[in-house]
file final.csv (CSV, N, CA and C atoms)
chain,number,residue,atom,x,y,z
A,844,MET,N,0.8,-1.2,0.0
A,844,MET,CA,0.0,0.0,0.0
A,844,MET,C,0.9,1.3,0.0
A,845,PHE,N,2.1,1.2,0.5
A,845,PHE,CA,3.0,2.4,0.6
A,845,PHE,C,4.2,2.1,-0.2
A,846,SER,N,4.8,3.1,-0.8
A,846,SER,CA,6.0,3.0,-1.6
A,846,SER,C,6.9,4.3,-1.6
A,847,ALA,N,8.1,4.2,-2.1
A,847,ALA,CA,8.9,5.3,-2.4
A,847,ALA,C,9.1,6.3,-1.2
A,848,PRO,N,9.5,5.8,0.0
A,848,PRO,CA,9.6,6.7,1.1
A,848,PRO,C,10.7,7.7,0.9
A,849,GLN,N,10.6,8.9,1.4
A,849,GLN,CA,11.6,9.9,1.4
A,849,GLN,C,11.5,10.7,2.7
A,850,VAL,N,12.5,11.5,3.0
A,850,VAL,CA,12.5,12.4,4.1
A,850,VAL,C,12.3,13.8,3.5
A,851,ASN,N,11.4,14.6,4.2
A,851,ASN,CA,11.3,16.0,3.8
A,851,ASN,C,11.8,16.8,5.0
A,852,ILE,N,12.5,17.8,4.7
A,852,ILE,CA,12.9,18.8,5.7
A,852,ILE,C,12.2,20.1,5.4
A,853,TYR,N,11.9,20.9,6.4
A,853,TYR,CA,11.3,22.2,6.3
A,853,TYR,C,12.4,23.2,6.5
A,854,SER,N,12.3,24.3,5.7
A,854,SER,CA,13.3,25.3,5.7
A,854,SER,C,12.6,26.7,5.6
A,855,ALA,N,13.2,27.7,6.3
A,855,ALA,CA,12.7,29.1,6.1
A,855,ALA,C,13.2,29.6,4.8
A,856,ASP,N,14.3,29.0,4.2
A,856,ASP,CA,14.9,29.5,2.9
A,856,ASP,C,15.2,28.3,2.1
A,857,VAL,N,14.3,27.8,1.3
A,857,VAL,CA,14.4,26.6,0.5
A,857,VAL,C,15.6,26.7,-0.4
A,858,ALA,N,15.8,27.8,-1.1
A,858,ALA,CA,16.9,27.9,-2.1
A,858,ALA,C,18.2,27.8,-1.4
A,859,ARG,N,18.4,28.4,-0.2
A,859,ARG,CA,19.6,28.3,0.5
A,859,ARG,C,19.9,26.8,0.9
A,860,ALA,N,18.9,26.1,1.4
A,860,ALA,CA,19.0,24.7,1.8
A,860,ALA,C,19.4,23.8,0.6
A,861,VAL,N,18.7,24.1,-0.5
A,861,VAL,CA,19.0,23.3,-1.7
A,861,VAL,C,20.5,23.5,-2.1
A,862,ASP,N,21.0,24.7,-2.1
A,862,ASP,CA,22.4,25.0,-2.4
A,862,ASP,C,23.3,24.2,-1.5
A,863,PHE,N,23.0,24.1,-0.2
A,863,PHE,CA,23.8,23.4,0.8
A,863,PHE,C,23.8,21.9,0.4
A,864,TYR,N,22.7,21.3,0.1
A,864,TYR,CA,22.6,19.9,-0.2
A,864,TYR,C,23.3,19.5,-1.5
A,865,ARG,N,23.3,20.5,-2.4
A,865,ARG,CA,24.0,20.3,-3.7
A,865,ARG,C,25.5,20.1,-3.4
A,866,GLU,N,26.0,20.9,-2.4
A,866,GLU,CA,27.4,20.7,-2.0
A,866,GLU,C,27.8,19.3,-1.5
A,867,ILE,N,26.8,18.6,-1.0
A,867,ILE,CA,27.0,17.3,-0.5
A,867,ILE,C,27.0,16.3,-1.7
A,868,GLY,N,26.4,16.7,-2.8
A,868,GLY,CA,26.3,15.9,-4.0
A,868,GLY,C,24.9,15.5,-4.5
A,869,PHE,N,23.9,16.0,-3.8
A,869,PHE,CA,22.5,15.8,-4.2
A,869,PHE,C,22.3,16.6,-5.5
A,870,GLU,N,21.4,16.0,-6.4
A,870,GLU,CA,21.0,16.6,-7.6
A,870,GLU,C,19.5,16.8,-7.7
A,871,GLU,N,19.1,18.0,-8.1
A,871,GLU,CA,17.7,18.3,-8.2
A,871,GLU,C,16.9,17.4,-9.2
A,872,SER,N,15.8,16.9,-8.7
A,872,SER,CA,14.9,16.1,-9.6
A,872,SER,C,13.5,16.7,-9.7
A,873,PHE,N,13.1,17.6,-8.9
A,873,PHE,CA,11.8,18.2,-9.0
A,873,PHE,C,11.8,19.6,-8.3
A,874,ARG,N,11.0,20.6,-8.8
A,874,ARG,CA,10.9,21.9,-8.2
A,874,ARG,C,9.6,22.5,-8.5
A,875,THR,N,9.0,23.1,-7.5
A,875,THR,CA,7.8,23.9,-7.7
A,875,THR,C,7.8,25.2,-6.9
A,876,PRO,N,7.5,26.3,-7.5
A,876,PRO,CA,7.2,26.5,-8.9
A,876,PRO,C,8.5,26.3,-9.8
A,877,ASN,N,8.4,26.2,-11.1
A,877,ASN,CA,9.5,26.0,-11.9
A,877,ASN,C,10.4,27.2,-12.0
A,878,GLU,N,9.8,28.4,-11.8
A,878,GLU,CA,10.6,29.7,-11.8
A,878,GLU,C,10.2,30.4,-10.6
A,879,GLY,N,11.1,31.3,-10.1
A,879,GLY,CA,10.9,32.1,-8.9
A,879,GLY,C,11.3,31.4,-7.7
A,880,THR,N,10.8,31.9,-6.6
A,880,THR,CA,11.2,31.3,-5.3
A,880,THR,C,10.5,29.9,-5.1
A,881,PRO,N,11.3,28.9,-4.9
A,881,PRO,CA,10.7,27.5,-4.7
A,881,PRO,C,10.1,27.3,-3.4
A,882,ILE,N,9.0,26.5,-3.4
A,882,ILE,CA,8.3,26.2,-2.2
A,882,ILE,C,8.6,24.7,-1.9
A,883,HIS,N,9.0,23.9,-2.9
A,883,HIS,CA,9.3,22.5,-2.6
A,883,HIS,C,10.3,22.1,-3.7
A,884,VAL,N,11.4,21.5,-3.3
A,884,VAL,CA,12.4,21.0,-4.2
A,884,VAL,C,12.8,19.6,-3.7
A,885,GLU,N,12.9,18.6,-4.7
A,885,GLU,CA,13.4,17.3,-4.3
A,885,GLU,C,14.7,17.1,-5.0
A,886,LEU,N,15.6,16.4,-4.2
A,886,LEU,CA,17.0,16.2,-4.6
A,886,LEU,C,17.3,14.7,-4.4
A,887,LYS,N,18.1,14.1,-5.2
A,887,LYS,CA,18.4,12.7,-5.1
A,887,LYS,C,19.9,12.5,-5.0
A,888,LEU,N,20.3,11.5,-4.2
A,888,LEU,CA,21.7,11.1,-4.1
A,888,LEU,C,21.7,9.6,-3.8
A,889,ASP,N,22.3,8.8,-4.7
A,889,ASP,CA,22.5,7.4,-4.6
A,889,ASP,C,21.2,6.7,-4.2
A,890,GLY,N,20.1,7.0,-4.9
A,890,GLY,CA,18.8,6.3,-4.7
A,890,GLY,C,17.9,6.9,-3.6
A,891,PHE,N,18.5,7.9,-2.9
A,891,PHE,CA,17.7,8.5,-1.7
A,891,PHE,C,17.1,9.8,-2.2
A,892,THR,N,15.9,10.1,-1.8
A,892,THR,CA,15.2,11.3,-2.2
A,892,THR,C,15.1,12.2,-0.9
A,893,LEU,N,15.5,13.4,-1.0
A,893,LEU,CA,15.4,14.4,0.1
A,893,LEU,C,14.5,15.5,-0.4
A,894,GLY,N,13.4,15.8,0.2
A,894,GLY,CA,12.6,16.9,-0.1
A,894,GLY,C,12.9,18.1,0.8
A,895,VAL,N,12.9,19.3,0.2
A,895,VAL,CA,13.1,20.5,1.0
A,895,VAL,C,11.9,21.4,0.7
A,896,ALA,N,11.1,21.7,1.8
A,896,ALA,CA,9.9,22.4,1.7
A,896,ALA,C,9.9,23.7,2.5
A,897,SER,N,9.1,24.6,2.0
A,897,SER,CA,9.0,25.9,2.7
A,897,SER,C,8.1,25.8,3.9
A,898,VAL,N,8.5,26.3,5.0
A,898,VAL,CA,7.7,26.4,6.2
A,898,VAL,C,6.4,27.2,6.0
A,899,GLU,N,6.5,28.3,5.3
A,899,GLU,CA,5.4,29.1,5.0
A,899,GLU,C,4.4,28.4,4.1
A,900,SER,N,4.8,27.7,3.1
A,900,SER,CA,3.9,26.9,2.2
A,900,SER,C,3.2,25.8,3.0
A,901,ALA,N,4.0,25.2,3.9
A,901,ALA,CA,3.4,24.1,4.7
A,901,ALA,C,2.2,24.6,5.6
A,902,ARG,N,2.4,25.8,6.1
A,902,ARG,CA,1.4,26.5,6.9
A,902,ARG,C,0.2,26.9,6.0
A,903,ALA,N,0.5,27.6,5.0
A,903,ALA,CA,-0.5,28.2,4.1
A,903,ALA,C,-1.3,27.2,3.3
A,904,ASP,N,-0.6,26.3,2.7
A,904,ASP,CA,-1.2,25.3,1.8
A,904,ASP,C,-1.8,24.1,2.5
A,905,HIS,N,-1.2,23.7,3.6
A,905,HIS,CA,-1.6,22.5,4.3
A,905,HIS,C,-2.1,22.6,5.7
A,906,GLY,N,-2.0,23.8,6.3
A,906,GLY,CA,-2.4,24.0,7.6
A,906,GLY,C,-1.6,23.4,8.7
A,907,LEU,N,-0.3,23.1,8.3
A,907,LEU,CA,0.6,22.4,9.3
A,907,LEU,C,1.1,23.5,10.3
A,908,ASP,N,1.2,23.1,11.5
A,908,ASP,CA,1.7,24.0,12.6
A,908,ASP,C,3.1,23.6,12.8
A,909,LEU,N,4.0,24.3,12.1
A,909,LEU,CA,5.5,24.0,12.2
A,909,LEU,C,6.2,25.1,13.0
A,910,ASP,N,7.1,24.7,13.8
A,910,ASP,CA,8.0,25.6,14.5
A,910,ASP,C,9.4,25.1,14.5
A,911,LEU,N,10.2,25.7,13.6
A,911,LEU,CA,11.6,25.2,13.5
A,911,LEU,C,12.4,25.4,14.7
A,912,ALA,N,11.9,26.1,15.7
A,912,ALA,CA,12.6,26.3,17.0
A,912,ALA,C,12.6,25.1,17.8
A,913,ILE,N,11.6,24.2,17.6
A,913,ILE,CA,11.5,23.0,18.3
A,913,ILE,C,12.4,21.9,17.7
A,914,PRO,N,13.4,21.4,18.4
A,914,PRO,CA,14.3,20.4,17.8
A,914,PRO,C,13.5,19.2,17.3
A,915,GLY,N,13.9,18.7,16.1
A,915,GLY,CA,13.3,17.5,15.5
A,915,GLY,C,12.0,17.7,14.8
A,916,ARG,N,11.4,18.9,14.8
A,916,ARG,CA,10.1,19.2,14.2
A,916,ARG,C,10.3,19.8,12.8
A,917,GLY,N,11.5,19.8,12.3
A,917,GLY,CA,11.7,20.4,11.0
A,917,GLY,C,11.8,19.3,9.9
A,918,MET,N,11.3,18.1,10.2
A,918,MET,CA,11.4,17.1,9.2
A,918,MET,C,10.2,16.1,9.3
A,919,GLU,N,10.1,15.2,8.3
A,919,GLU,CA,9.0,14.2,8.3
A,919,GLU,C,9.4,13.1,7.4
A,920,ILE,N,8.7,12.0,7.5
A,920,ILE,CA,8.8,10.9,6.5
A,920,ILE,C,7.6,11.1,5.6
A,921,ALA,N,7.9,10.9,4.3
A,921,ALA,CA,6.8,11.0,3.3
A,921,ALA,C,6.8,9.6,2.6
A,922,VAL,N,5.5,9.1,2.4
A,922,VAL,CA,5.4,7.9,1.7
A,922,VAL,C,4.3,8.1,0.6
A,923,TRP,N,4.5,7.4,-0.5
A,923,TRP,CA,3.6,7.5,-1.6
A,923,TRP,C,2.6,6.3,-1.5
A,924,THR,N,1.3,6.6,-1.9
A,924,THR,CA,0.3,5.6,-1.8
A,924,THR,C,-0.6,5.7,-3.0
A,925,ASP,N,-1.4,4.6,-3.2
A,925,ASP,CA,-2.3,4.6,-4.3
A,925,ASP,C,-3.7,5.3,-3.9
A,926,ASP,N,-3.9,5.5,-2.6
A,926,ASP,CA,-5.1,6.0,-2.1
A,926,ASP,C,-4.9,6.8,-0.8
A,927,THR,N,-4.6,8.1,-0.9
A,927,THR,CA,-4.3,8.9,0.3
A,927,THR,C,-5.5,8.8,1.3
A,928,ASP,N,-6.7,8.9,0.9
A,928,ASP,CA,-7.8,8.9,1.8
A,928,ASP,C,-7.9,7.6,2.6
A,929,ALA,N,-7.8,6.5,1.9
A,929,ALA,CA,-7.8,5.2,2.6
A,929,ALA,C,-6.6,5.0,3.5
A,930,ALA,N,-5.4,5.4,3.1
A,930,ALA,CA,-4.3,5.3,3.9
A,930,ALA,C,-4.4,6.1,5.2
A,931,PHE,N,-4.9,7.3,5.0
A,931,PHE,CA,-5.1,8.3,6.1
A,931,PHE,C,-6.1,7.6,7.1
A,932,ALA,N,-7.2,7.1,6.6
A,932,ALA,CA,-8.2,6.5,7.5
A,932,ALA,C,-7.6,5.3,8.2
A,933,ARG,N,-6.8,4.5,7.5
A,933,ARG,CA,-6.2,3.3,8.1
A,933,ARG,C,-5.3,3.7,9.3
A,934,LEU,N,-4.4,4.7,9.0
A,934,LEU,CA,-3.5,5.1,10.1
A,934,LEU,C,-4.1,5.8,11.2
A,935,VAL,N,-5.2,6.6,11.0
A,935,VAL,CA,-5.9,7.3,12.1
A,935,VAL,C,-6.6,6.2,12.9
A,936,ALA,N,-7.1,5.2,12.3
A,936,ALA,CA,-7.8,4.1,13.0
A,936,ALA,C,-6.7,3.3,13.9
A,937,ALA,N,-5.5,3.3,13.4
A,937,ALA,CA,-4.4,2.6,14.1
A,937,ALA,C,-3.8,3.5,15.2
A,938,GLY,N,-4.3,4.7,15.4
A,938,GLY,CA,-3.9,5.6,16.5
A,938,GLY,C,-3.1,6.8,16.1
A,939,ALA,N,-2.9,7.0,14.8
A,939,ALA,CA,-2.2,8.2,14.4
A,939,ALA,C,-3.0,9.5,14.7
A,940,ARG,N,-2.3,10.5,15.1
A,940,ARG,CA,-3.0,11.8,15.3
A,940,ARG,C,-3.1,12.6,14.0
A,941,VAL,N,-4.3,13.2,13.7
A,941,VAL,CA,-4.5,14.0,12.5
A,941,VAL,C,-3.7,15.3,12.5
A,942,LEU,N,-2.9,15.5,11.5
A,942,LEU,CA,-2.2,16.8,11.4
A,942,LEU,C,-2.8,17.7,10.3
A,943,SER,N,-3.2,17.0,9.1
A,943,SER,CA,-3.8,17.7,8.0
A,943,SER,C,-4.6,16.7,7.2
A,944,GLU,N,-5.9,17.0,7.1
A,944,GLU,CA,-6.9,16.1,6.4
A,944,GLU,C,-6.5,15.9,5.0
A,945,PRO,N,-6.9,14.8,4.3
A,945,PRO,CA,-6.6,14.7,2.9
A,945,PRO,C,-7.1,15.9,2.1
A,946,HIS,N,-6.3,16.4,1.1
A,946,HIS,CA,-6.7,17.5,0.3
A,946,HIS,C,-5.8,17.4,-1.0
A,947,ASP,N,-6.4,18.1,-2.1
A,947,ASP,CA,-5.7,18.1,-3.3
A,947,ASP,C,-4.7,19.3,-3.3
A,948,TRP,N,-3.5,19.1,-4.0
A,948,TRP,CA,-2.5,20.1,-4.0
A,948,TRP,C,-1.8,20.1,-5.3
A,949,LEU,N,-1.5,21.2,-5.9
A,949,LEU,CA,-0.8,21.4,-7.1
A,949,LEU,C,-1.5,20.8,-8.3
A,950,GLY,N,-2.8,20.5,-8.2
A,950,GLY,CA,-3.6,19.9,-9.2
A,950,GLY,C,-3.3,18.5,-9.6
A,951,THR,N,-2.2,17.9,-9.1
A,951,THR,CA,-1.9,16.5,-9.5
A,951,THR,C,-1.7,15.6,-8.3
A,952,LEU,N,-1.7,16.2,-7.1
A,952,LEU,CA,-1.4,15.4,-5.9
A,952,LEU,C,-2.6,15.4,-4.9
A,953,ARG,N,-2.7,14.3,-4.2
A,953,ARG,CA,-3.6,14.3,-3.0
A,953,ARG,C,-2.7,14.0,-1.8
A,954,VAL,N,-2.8,14.9,-0.8
A,954,VAL,CA,-1.9,14.8,0.3
A,954,VAL,C,-2.6,14.8,1.6
A,955,ALA,N,-2.0,14.3,2.7
A,955,ALA,CA,-2.5,14.4,4.0
A,955,ALA,C,-1.3,14.1,5.0
A,956,TRP,N,-1.5,14.5,6.2
A,956,TRP,CA,-0.4,14.3,7.3
A,956,TRP,C,-1.1,13.7,8.5
A,957,VAL,N,-0.3,12.8,9.1
A,957,VAL,CA,-0.7,12.2,10.4
A,957,VAL,C,0.6,12.3,11.2
A,958,ALA,N,0.5,12.1,12.6
A,958,ALA,CA,1.6,11.9,13.4
A,958,ALA,C,1.6,10.5,13.9
A,959,ASP,N,2.8,9.9,14.0
A,959,ASP,CA,2.9,8.5,14.4
A,959,ASP,C,2.7,8.5,16.0
A,960,LEU,N,2.8,7.4,16.6
A,960,LEU,CA,2.5,7.2,18.0
A,960,LEU,C,3.5,8.0,18.9
A,961,ASP,N,4.6,8.4,18.3
A,961,ASP,CA,5.6,9.2,19.1
A,961,ASP,C,5.5,10.6,18.6
A,962,ASP,N,4.5,11.0,17.9
A,962,ASP,CA,4.2,12.3,17.4
A,962,ASP,C,5.1,12.8,16.3
A,963,ASN,N,5.8,11.9,15.5
A,963,ASN,CA,6.6,12.2,14.4
A,963,ASN,C,5.7,12.4,13.2
A,964,PRO,N,5.8,13.5,12.4
A,964,PRO,CA,4.9,13.6,11.2
A,964,PRO,C,5.2,12.7,10.1
A,965,ILE,N,4.1,12.3,9.4
A,965,ILE,CA,4.2,11.4,8.2
A,965,ILE,C,3.3,12.0,7.2
A,966,GLU,N,3.9,12.3,6.0
A,966,GLU,CA,3.1,12.8,4.9
A,966,GLU,C,2.7,11.6,4.0
A,967,LEU,N,1.4,11.6,3.6
A,967,LEU,CA,0.9,10.6,2.7
A,967,LEU,C,0.6,11.3,1.3
A,968,VAL,N,1.2,10.8,0.2
A,968,VAL,CA,1.1,11.4,-1.1
A,968,VAL,C,0.6,10.5,-2.1
A,969,GLN,N,-0.4,10.9,-2.9
A,969,GLN,CA,-0.9,10.2,-4.1
A,969,GLN,C,-0.9,11.0,-5.3
A,970,ARG,N,-0.4,10.5,-6.4
A,970,ARG,CA,-0.4,11.2,-7.7
A,970,ARG,C,-1.8,10.9,-8.3
A,971,ARG,N,-2.5,12.0,-8.6
A,971,ARG,CA,-3.8,12.0,-9.2
A,971,ARG,C,-3.7,12.0,-10.7
A,972,PRO,N,-4.6,11.4,-11.4
A,972,PRO,CA,-4.6,11.5,-12.9
A,972,PRO,C,-4.8,12.9,-13.3
A,973,VAL,N,-4.0,13.3,-14.4
A,973,VAL,CA,-4.1,14.7,-14.9
A,973,VAL,C,-5.3,14.7,-15.8
A,974,GLY,N,-6.1,15.8,-15.7
A,974,GLY,CA,-7.3,16.0,-16.6
A,974,GLY,C,-8.5,15.7,-16.0
call {"tool": "encode", "arguments": {"input": "final.csv", "output": "structure tokens"}}
result
Amino acid sequence: MFSAPQVNIYSADVARAVDFYREIGFEESFRTPNEGTPIHVELKLDGFTLGVASVESARADHGLDLDLAIPGRGMEIAVWTDDTDAAFARLVAAGARVLSEPHDWLGTLRVAWVADLDDNPIELVQRRPVG
């Protein structure tokens, strides 16, 4: 039911964070928006995907309550699924705390967030058919 896990980190300055990870050897594989100030960039290194996302976008687009001043709260595990709504319901039934209800984003994705039993955030992502 789940696939392609990645770690997302949140940043107050996505472009600066991306430049830093490029120095380590990560290569950009996705960016939105394509031009201007990015709100989400994905980088790959040796089969591992790291997402760098804007704190402000997470708040505005998804209603996430992020505070980078709290250690450990600037990152999450993201997993892809064929059905975000069903995965969300399954994890909530298993005891996960709701962080952001399932919703459409960027016109092609369905996303939601829950917290695991230790309160670590998990993003659920589904690619929706275009059109």
call {"tool": "closest_residue", "arguments": {"input": "final.csv", "among": "A:Asp910, A:Glu899, A:Asp947, A:Asp856", "to": "A:Pro972", "atoms": "only C-alpha atoms"}}
result
A:Asp947
call {"tool": "atom_distance", "arguments": {"input": "final.csv", "atom1": "atom CA of A:Ile852", "atom2": "atom CA of A:Trp923"}}
result
16.4 Å
call {"tool": "residues_around", "arguments": {"input": "final.csv", "residues": "A:Leu952", "least_positions_apart": "4", "cutoff": "8 Å", "atoms": "only N, CA and C atoms", "output": "ChimeraX atom specification"}}
result
/A:946-948,968-972
call {"tool": "select_by_dssp", "arguments": {"input": "final.csv", "residues": "chain A", "states": "strand (DSSP E or B)", "output": "ChimeraX atom specification"}}
result
/A:845-854,870-875,883-888,891-897,918-924,940-948,952-958,964-970
call {"tool": "closest_residue", "arguments": {"input": "final.csv", "among": "A:Gly906, A:Gly868, A:Gly917, A:Gly890", "to": "A:Asn851", "atoms": "all atoms listed in the file"}}
result
A:Gly917
call {"tool": "atom_distance", "arguments": {"input": "final.csv", "atom1": "atom N of A:Asp928", "atom2": "atom CA of A:Ser854"}}
result
26.3 Å
call {"tool": "atom_distance", "arguments": {"input": "final.csv", "atom1": "atom C of A:Val898", "atom2": "atom C of A:Val850"}}
result
14.9 Å
call {"tool": "select_by_dssp", "arguments": {"input": "final.csv", "residues": "chain A", "states": "alpha helix (DSSP H)", "output": "list in words"}}
result
Val857, Ala858, Arg859, Ala860, Val861, Asp862, Phe863, Tyr864, Arg865, Glu866, Ile867, Val898, Glu899, Ser900, Ala901, Arg902, Ala903, Asp904, His905, Thr927, Asp928, Ala929, Ala930, Phe931, Ala932, Arg933, Leu934, Val935 and Ala936 of chain A
